[in-house]
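Participant: Right, I'll just put the structure down here and ask away after.
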Amino acid sequence: MALIVQKYGGTSMGSPDRIRSVAKRVARWKAQGHQLVVVVSAMSGETNRLIALAKDVSPQPDARELDVMISTGEQVTIALLAMAIRDLGLKAKSYTGGQVKVLTDNTFTKARILEIDDANIRRDLDDDAVIVVAGFQGVDADGNITTLGRGGSDTSAVALAAALTADECQIYTDVDGVYTTDPRIVPEARKLDRITFEEMLEMASLGSKVLQIRSVEFAGKYKVKLRVLSSFEEEGQETSGTLITLEEDMNMEQPIIAGIAFNRDEAKLTVLGVPDRPGIAYQILGPVADANIDVDMIIQNVGHDGTTDFSFTVNRSEFARAKKMLEDQIKPHVGARAVEGDNKICKVSAVGVGMRSHPGVASKMFRILAEEGINIQMISTSEIKISVVVDEKYLELAVRVLHKAFELDQPA
Ligand code: ADP
Ligand code: ASP
Ligand code: MG
């Protein structure tokens with residue numbers, strides 16, 4: 001008998017039929033003698049609908065109130081799934097994040113999980129019930145409802161698996177595993193049977209939203225056995241999805257590149273004519289960080305005549321706020337000449353642990369993009385990834401040509 005945490009995403013919970021089908025899958029696992037904790041997302045589109053509604057009423061909604069509201073999508077689906085499981089003759093009980101007690105910090109809309117109280121869940125598991133837990137939500141030390149950022153149900157599931165020392169965490173979604181790139185953009189993308197934690201961490205942080213990055217971090221930290229699978233496969237036809245593994249587990253030779261990730265949610269800001277003196281980066285980025293705006297790539301150009309240009313990227317949703325801050329506060333403060341912004345950019349990245357031992361990946365990537373006439377605006381690299389910022393209109397072309405050039409469409 002194993003303790004298994006399963007997570008079903010929005011599409012998997014998207015209609016009454018889909019919910020009944022999830023209930024049947026849960027019942028099959030239960031019939032094999034396993035204990036099951038099931039984490040669910042809101043029905044697909046629901047979180048978007050709630051956010052749009054909030055913004056319709058209040059253009060910049062208060063973050064605490066937004067969390068009270070957008071957490072309701074998951075409160076609906078836990079109850080529906082528990083009902084459907086009970087209709088199959090099993091015991092089932094739903095829990096909100098607060099009822100479990102998924103304790104988080106108080107950073108509304110992007111809270112971090114601090115601790116999970118497993119007492120109630122263990123008691124009900126001992127009573128042979130299937131536990132259905134609302135993903136994406138928690139509660140802070142003062143009892144306020146919090147949410148974990150978009151895609152956060154993945155993190156709820158892995159954190160619960162870690163807290164319960166579950167035997168496996170299964171993420172059921174609308175694709176049958178992790179692919180070499182998003183199969184919606186490149187139909188030739190191939191499913192990977194395995195991917196290393198390091199690579200998955202990079203892919204997730206660089207925009208592959210099949211797993212929320214924090215879920216991968218949790219899995220790595222607490223050694224949770226994590227698998228991505230399809231909730232759409234028929235009984236008896238199921239495949240084993242993609243296993244996220246520790247590199248040491250793999251004795252096969254690594255491909256140089258595991259996958260291509262991309263992110264459209266990017267925007268670039270440039271402060272022009274900044275005095276080139278110590279402390280400038282801090283004077284620009286310090287206030288940006290204090291305003292809770294995450295900065296990604298940073299470039300400072302070589303100075304000329306005592307001044308330099310300073311560029312960085314932020315999430316597109318923070319573009320307007322960051323630009324205003326630069327113009328109103330930072331430009332006059334540091335004595336810069338001008339501020340420019342571009343929110344029609346994207347980031348495309350190649351990821352692979354094999355890069356460590358194979359030089360020349362970057363130059364190949366730059367050559368492929370050059371051959372297509374795609375101008376690279378920014379570059380950043382780490383040991384196992386190379387990212388470039390390009391005009392958004394080239395996103396699909398760039399992903400396709402890189403996928404092909406690195407032969408990711410060919411069987412490994
Ligand atoms: P869920 O609602 O189940 O959480 P998501 O939409 O968050 O599902 O994540 C699944 C989607 O992630 C897929 O439909 C796919 O379009 C996208 N995706 C992006 N990159 C990848 C990748 N490398 N492998 C598989 N899916 C990917
Ligand atoms: N419902 C939330 C979202 O759409 C959380 C999730 O699905 O993981 O972002
Ligand atoms: Mg998701």
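Labeling convention for the structure tokens: chains A, B, ... as they appear, residues from 1 per chain, ligands from 1 in order of appearance.
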Would you list the residues that come within 10 Å of ligand 1? Count only C-alpha atoms and all ligand atoms and give the answer as a ChimeraX atom specification.

Facilitator: /A:7-14,40-45,150-154,171-186,189-192,200,203-204,206-212,228-231,242,258-263

Participant: As JSON, numbers by chain, which residues of range 32-249 of chain A does DSSP assign to strand (DSSP E or B)?

Facilitator: {"A": [35, 36, 37, 38, 39, 40, 92, 93, 94, 95, 102, 103, 104, 113, 114, 115, 116, 130, 131, 132, 133, 134, 137, 138, 139, 145, 146, 147, 168, 169, 170, 171, 172, 173, 179, 191, 194, 195, 196, 226, 227, 228, 229, 230, 242, 243, 244, 245]}

Participant: Can you pull out the residues contacting Val37 in chain A? Cut-off 7 Å, using only C-alpha atoms, and skip same-chain residues under 5 positions away; I want them as a ChimeraX atom specification.

Facilitator: /A:4-6,130-132

Participant: Just C-alpha atoms for this one: save the residues we selected as a short mmCIF file (atom, residue, chain, number, x, y, z; two decimals), in the first residue's frame.

Facilitator:
data_model
loop_
_atom_site.label_atom_id
_atom_site.label_comp_id
_atom_site.auth_asym_id
_atom_site.auth_seq_id
_atom_site.Cartn_x
_atom_site.Cartn_y
_atom_site.Cartn_z
CA ILE A 4 -0.12 8.83 -3.31
CA VAL A 5 -0.81 12.51 -3.87
CA GLN A 6 -2.53 13.22 -7.18
CA VAL A 130 -10.02 9.91 -0.01
CA ILE A 131 -8.88 13.41 0.89
CA VAL A 132 -9.62 16.18 -1.61
#

Participant: Give the helix (DSSP H, G or I) residues of range 253-393 of chain A, as DSSP finds them on the backbone, and put them as JSON, numbers by chain.

Facilitator: {"A": [280, 281, 282, 283, 284, 285, 286, 287, 288, 289, 290, 316, 317, 318, 319, 320, 321, 322, 323, 324, 325, 326, 327, 328, 329, 330, 331, 332, 333, 334, 353, 354, 355, 356, 357, 361, 362, 363, 364, 365, 366, 367, 368, 369, 370, 371, 392, 393]}

Participant: Using only C-alpha atoms, which of A:Asp17, A:Glu46, A:Asp276, A:Glu340 sits nearest Ser311 in chain A?

Facilitator: A:Glu340

Participant: My list of candidates is A:Gln60, A:Asn301, A:Asn120, A:Gln170. Which is closest to Gly97 in chain A when distances are computed with only C-alpha atoms?

Facilitator: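 Of all the options, A:Asn120 lies closest to Gly97 in chain A.
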